[in-house]
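The next block holds one structure in the form of structure tokens; read it before the comments.
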Amino acid sequence: MENQEITLWELCVKFFNWIVGACRWLGNFFLKCLHLCLRKWWISLPLTVLIVGYGLWAARPSNKWYTAETVAILNGPHVDMVKTMLEPYKKTQKNPKYFAVNNQKYLGVSEEVAKNVQAFETFYVIDCLGDSTADLIDYQGKFPATDTINCRMFNRIAIRVLVHDAGVLEQYEKALLNYLNSDVLLNSAYEYYRQDLQRHSDFCHEQIEVLDSLTREFYFNQSPYAQIQAKRQDLNLLLGKREIVTLHNETLELFRYEQKLDYYLSMCTAPVVLQGHFAVSNKAVNGMLRYGIISLIIAFVLSSLIAACIENFGTFVKWAKKRE
């Protein structure tokens, strides 16, 4: 068998022809389904009206649901600890009725708040530059734990909920923080973290004072000129020139590190604190246009399937009889 070589240009042409052929096939398939639905209009029309009507009813203004997001700072606890703790609360989110019961059971919120909050989700926060600063939220779960470049932050977690009435978010936010901050394991990790952070901060403050006093000593109390030291008994002789080395860079670096520690300490008031209040999206997840398009697609697919089954029912019966 002879090996046939193919150039890159020929490969690109074949791939382009394949794409064109696939688009033509899809276009023909769509036209056939459309013709089938038109022939069986007495099935497709009522089904389309029913499905689209339900979709528009589900997207009515009084039933709008919006996403609300925030990022929580973990002072001591690891992000996986918080995720594990929230698993029992999250497991019934697919059923709105059961999730409303969970809101009351775990968070202790009122019935009104429980019914207005659904679909609780958590996501990892990614640090892309390795500078302990949040760069993006991993909504799709694309960044594995073994990724050494885009690292999951161990002290950040993103939270997203579906809310019907944004006015209940303040009560829900307080109840969620109270639930998390009442956990014994999270509080143990928090106490150790805060004590360690306080020790680091105190150490930095002390060292800055030491550097400042050392600089003052060199500047004002020590002579920068040549020095001579001689000892007759040991026959030691020291000749040299004293030079003052500034400590500005070390002091400023320590200042910057101290500022970072002071920021962490200012946020370290509880095991879990929110970086900001829940931010509500202006766009509803069940918008009229979105649900209308989805309803049309579902109605078209179902109408095509039912019409195809009815039109080919006789053929299927004949085939089944032959099989017997």
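Ordered as shown in the structure tokens, chains take letters A, B, and onward, while each chain numbers its residues from 1 and ligands are numbered from 1 in the order shown.
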Report task. Mind checking which residues fall within 10 Å of region 151-157 of chain A, counting only C-alpha atoms, ignoring those fewer than 3 positions away in the same chain, and posting them as number ranges by chain? Result -> A: 70-83, 122-130, 132-138, 143-148, 272-275
Requested in this report: Do a neighbour search on region 193-197 of chain A at 12 Å with only C-alpha atoms, toss out local chain neighbours closer than 3 positions, and write the hits as number ranges by chain.
Outcome: A: 74-78, 155, 186-190, 200-204, 257-258, 260-271
Resulting file, chosen residues, N, CA and C atoms, as a CSV table (one decimal), in the first residue's frame:
```
chain,number,residue,atom,x,y,z
A,74,LEU,N,-12.2,33.7,54.6
A,74,LEU,CA,-12.1,32.6,55.6
A,74,LEU,C,-10.9,32.9,56.5
A,75,ASN,N,-11.2,33.2,57.7
A,75,ASN,CA,-10.1,33.6,58.7
A,75,ASN,C,-9.7,32.3,59.5
A,76,GLY,N,-8.9,31.5,58.9
A,76,GLY,CA,-8.4,30.3,59.6
A,76,GLY,C,-9.0,29.0,58.9
A,77,PRO,N,-10.3,28.9,58.8
A,77,PRO,CA,-10.8,27.7,58.1
A,77,PRO,C,-10.3,27.6,56.7
A,78,HIS,N,-10.1,26.3,56.2
A,78,HIS,CA,-9.8,26.1,54.8
A,78,HIS,C,-11.1,26.1,54.0
A,155,ASN,N,-8.4,30.6,51.3
A,155,ASN,CA,-9.1,31.5,52.2
A,155,ASN,C,-10.2,32.3,51.6
A,186,LEU,N,-14.7,25.5,62.8
A,186,LEU,CA,-14.3,26.7,62.2
A,186,LEU,C,-13.8,27.7,63.2
A,187,ASN,N,-14.4,27.7,64.4
A,187,ASN,CA,-14.0,28.7,65.4
A,187,ASN,C,-12.6,28.3,66.0
A,188,SER,N,-12.3,27.0,66.1
A,188,SER,CA,-11.0,26.6,66.6
A,188,SER,C,-9.9,27.0,65.6
A,189,ALA,N,-10.2,26.8,64.3
A,189,ALA,CA,-9.2,27.3,63.3
A,189,ALA,C,-9.1,28.8,63.3
A,190,TYR,N,-10.2,29.5,63.5
A,190,TYR,CA,-10.2,31.0,63.6
A,190,TYR,C,-9.3,31.5,64.8
A,200,HIS,N,2.5,37.9,64.6
A,200,HIS,CA,3.2,38.4,63.5
A,200,HIS,C,3.1,40.0,63.5
A,201,SER,N,1.9,40.5,63.7
A,201,SER,CA,1.8,41.9,63.7
A,201,SER,C,2.6,42.6,64.8
A,202,ASP,N,2.5,42.1,66.0
A,202,ASP,CA,3.3,42.6,67.1
A,202,ASP,C,4.8,42.6,66.8
A,203,PHE,N,5.2,41.5,66.2
A,203,PHE,CA,6.7,41.3,65.9
A,203,PHE,C,7.1,42.4,64.9
A,204,CYS,N,6.2,42.7,63.9
A,204,CYS,CA,6.6,43.7,62.9
A,204,CYS,C,6.6,45.1,63.5
A,257,TYR,N,4.7,45.0,54.6
A,257,TYR,CA,4.3,43.7,55.2
A,257,TYR,C,3.4,44.0,56.4
A,258,GLU,N,3.7,45.0,57.2
A,258,GLU,CA,2.9,45.3,58.4
A,258,GLU,C,1.5,45.8,57.9
A,260,LYS,N,-0.1,44.9,55.2
A,260,LYS,CA,-0.9,43.7,54.8
A,260,LYS,C,-1.4,42.9,56.1
A,261,LEU,N,-0.6,42.8,57.1
A,261,LEU,CA,-1.0,42.1,58.3
A,261,LEU,C,-2.1,42.9,59.0
A,262,ASP,N,-2.0,44.2,59.0
A,262,ASP,CA,-3.1,45.0,59.6
A,262,ASP,C,-4.4,44.9,58.9
A,263,TYR,N,-4.3,44.8,57.5
A,263,TYR,CA,-5.5,44.6,56.8
A,263,TYR,C,-6.2,43.2,57.1
A,264,TYR,N,-5.3,42.2,57.2
A,264,TYR,CA,-5.9,40.9,57.6
A,264,TYR,C,-6.5,40.9,59.0
A,265,LEU,N,-5.8,41.6,59.9
A,265,LEU,CA,-6.4,41.7,61.2
A,265,LEU,C,-7.7,42.5,61.3
A,266,SER,N,-7.8,43.5,60.4
A,266,SER,CA,-9.1,44.3,60.4
A,266,SER,C,-10.2,43.4,59.9
A,267,MET,N,-9.9,42.4,59.0
A,267,MET,CA,-11.0,41.5,58.5
A,267,MET,C,-11.2,40.3,59.4
A,268,CYS,N,-10.3,40.1,60.3
A,268,CYS,CA,-10.3,38.9,61.1
A,268,CYS,C,-11.2,39.1,62.4
A,269,THR,N,-12.5,39.3,62.1
A,269,THR,CA,-13.4,39.5,63.2
A,269,THR,C,-14.3,38.2,63.5
A,270,ALA,N,-14.2,37.3,62.6
A,270,ALA,CA,-15.0,36.0,62.8
A,270,ALA,C,-14.4,35.0,61.8
A,271,PRO,N,-14.8,33.7,62.0
A,271,PRO,CA,-14.2,32.7,61.1
A,271,PRO,C,-14.6,33.0,59.6
```
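Interatomic distance, CA of Asn102 (chain A) against CA of Ala59 (chain A): 25.3 Å.
The space separating CA of Leu86 (chain A) from CA of Gln140 (chain A) comes to 19.1 Å.
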Query raised in the report: Any idea what's packed within 8 Å of region 305-308 of chain A, counting only C-alpha atoms, ignoring anything in its chain fewer than 6 positions away? Could you give it as a list in words?
Result: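 After dropping sequence-adjacent residues, the list is Leu36, Cys37, Lys40, Ile43 and Ser44 of chain A.
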Query raised in the report: If we count only C-alpha atoms, what is near Lys174 (chain A) at a cut-off of 12 Å, once residues fewer than 4 positions away on the same chain are taken out, given as a list of chain:residue names?
Result: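 Non-adjacent residues within range: A:Leu107, A:Gly108, A:Val109, A:Val113, A:Val168, A:Leu169, A:Glu170, A:Asn178, A:Tyr179, A:Leu180, A:Asn181, A:Val272, A:Val273, A:Leu274, A:His277, A:Phe278.
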Given the selection you just returned, output its residues as a file containing N, CA, C and O atoms, formatted as a compact mmCIF listing (two decimals), in the first residue's frame.
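Result went into part-v5.txt, see below:
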```txt
# COMPACT_ATOMS: atom_id res chain seq x y z
N LEU A 107 -30.63 27.56 58.81
CA LEU A 107 -30.33 28.98 59.01
C LEU A 107 -31.27 29.65 60.00
O LEU A 107 -30.96 30.73 60.51
N GLY A 108 -32.43 29.06 60.23
CA GLY A 108 -33.37 29.64 61.18
C GLY A 108 -34.03 30.91 60.69
O GLY A 108 -34.42 31.75 61.50
N VAL A 109 -34.19 31.06 59.37
CA VAL A 109 -34.83 32.25 58.82
C VAL A 109 -36.35 32.07 58.83
O VAL A 109 -36.87 30.98 59.03
N VAL A 113 -38.46 34.61 54.10
CA VAL A 113 -37.09 34.61 53.60
C VAL A 113 -36.76 33.28 52.96
O VAL A 113 -36.10 33.20 51.91
N VAL A 168 -34.93 40.52 51.10
CA VAL A 168 -34.71 39.52 52.15
C VAL A 168 -33.23 39.16 52.28
O VAL A 168 -32.87 38.39 53.17
N LEU A 169 -32.38 39.70 51.40
CA LEU A 169 -30.97 39.30 51.41
C LEU A 169 -30.25 39.70 52.69
O LEU A 169 -29.35 39.00 53.14
N GLU A 170 -30.61 40.83 53.26
CA GLU A 170 -29.95 41.26 54.50
C GLU A 170 -30.18 40.25 55.62
O GLU A 170 -29.23 39.88 56.33
N ASN A 178 -24.19 33.60 60.67
CA ASN A 178 -24.39 33.07 62.01
C ASN A 178 -24.27 31.54 62.01
O ASN A 178 -23.70 30.94 62.93
N TYR A 179 -24.82 30.90 60.97
CA TYR A 179 -24.73 29.44 60.85
C TYR A 179 -23.28 28.98 60.69
O TYR A 179 -22.84 28.02 61.33
N LEU A 180 -22.51 29.67 59.84
CA LEU A 180 -21.12 29.29 59.62
C LEU A 180 -20.25 29.58 60.83
O LEU A 180 -19.40 28.76 61.23
N ASN A 181 -20.44 30.74 61.44
CA ASN A 181 -19.56 31.16 62.53
C ASN A 181 -19.89 30.51 63.87
O ASN A 181 -19.19 30.73 64.85
N VAL A 272 -15.78 33.45 59.36
CA VAL A 272 -16.19 33.75 57.99
C VAL A 272 -16.78 35.15 57.96
O VAL A 272 -17.71 35.46 58.71
N VAL A 273 -16.22 36.01 57.11
CA VAL A 273 -16.77 37.35 56.91
C VAL A 273 -16.93 37.56 55.41
O VAL A 273 -16.22 36.97 54.59
N LEU A 274 -17.86 38.40 55.05
CA LEU A 274 -18.11 38.68 53.64
C LEU A 274 -17.28 39.86 53.18
O LEU A 274 -17.16 40.87 53.88
N HIS A 277 -21.47 42.90 50.63
CA HIS A 277 -22.82 42.37 50.67
C HIS A 277 -23.17 41.67 49.35
O HIS A 277 -22.50 41.86 48.33
N PHE A 278 -24.20 40.86 49.38
CA PHE A 278 -24.66 40.18 48.17
C PHE A 278 -25.00 41.22 47.09
O PHE A 278 -25.77 42.15 47.33
```
Query - Test item: residues at most 8 Å from Arg60 (chain A), only C-alpha atoms, excluding those fewer than 4 positions along its chain, as an NGL selection string - result: :A and (56 or 64 or 288)
File dump, residues just selected, N, CA, C and O atoms, as a compact mmCIF listing (two decimals), in the first residue's frame:
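The file below, out-v4.txt, is the result:
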```
# COMPACT_ATOMS: atom_id res chain seq x y z
N LEU A 56 -43.76 31.51 28.87
CA LEU A 56 -44.02 32.93 29.14
C LEU A 56 -44.68 33.12 30.51
O LEU A 56 -44.42 34.12 31.19
N LYS A 64 -40.07 36.56 38.69
CA LYS A 64 -38.69 36.78 38.28
C LYS A 64 -37.72 36.34 39.39
O LYS A 64 -37.95 36.61 40.57
N MET A 288 -38.03 36.89 29.87
CA MET A 288 -39.08 36.61 28.89
C MET A 288 -38.48 36.13 27.57
O MET A 288 -38.95 35.15 26.98
```
Query raised in the report: Of the candidates A:Ala68, A:Ala284, A:Leu50, A:Leu211, which one gets nearest to His248 (chain A) if we count only C-alpha atoms?
Result: A:Leu211
Query raised in the report: DSSP says alpha helix (DSSP H) for which residues of region 111-232 of chain A? Put them as a PyMOL selection string?
Result: chain A and resi 111-115+169-181+184-216
Query - strand (DSSP E or B) per DSSP on the backbone: members of region 27-157 of chain A, as a PyMOL selection string - result: chain A and resi 66-74+117-127+136-138+151-157
Report summary line: Counting only C-alpha atoms, closest pick from A:Gln198, A:Val20, A:Trp9, A:Cys33 relative to Glu311 (chain A) is A:Cys33
**Report entry** Atomic distance CA of Leu302 (chain A) - CA of Trp65 (chain A), expressed in Å with one decimal
**Finding:** 26.8 Å
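For the set A:His205, A:Arg216, A:Arg199, A:Arg24, the residue with the smallest atom-to-atom gap to Leu254 (chain A) is A:His205, counting only C-alpha atoms.
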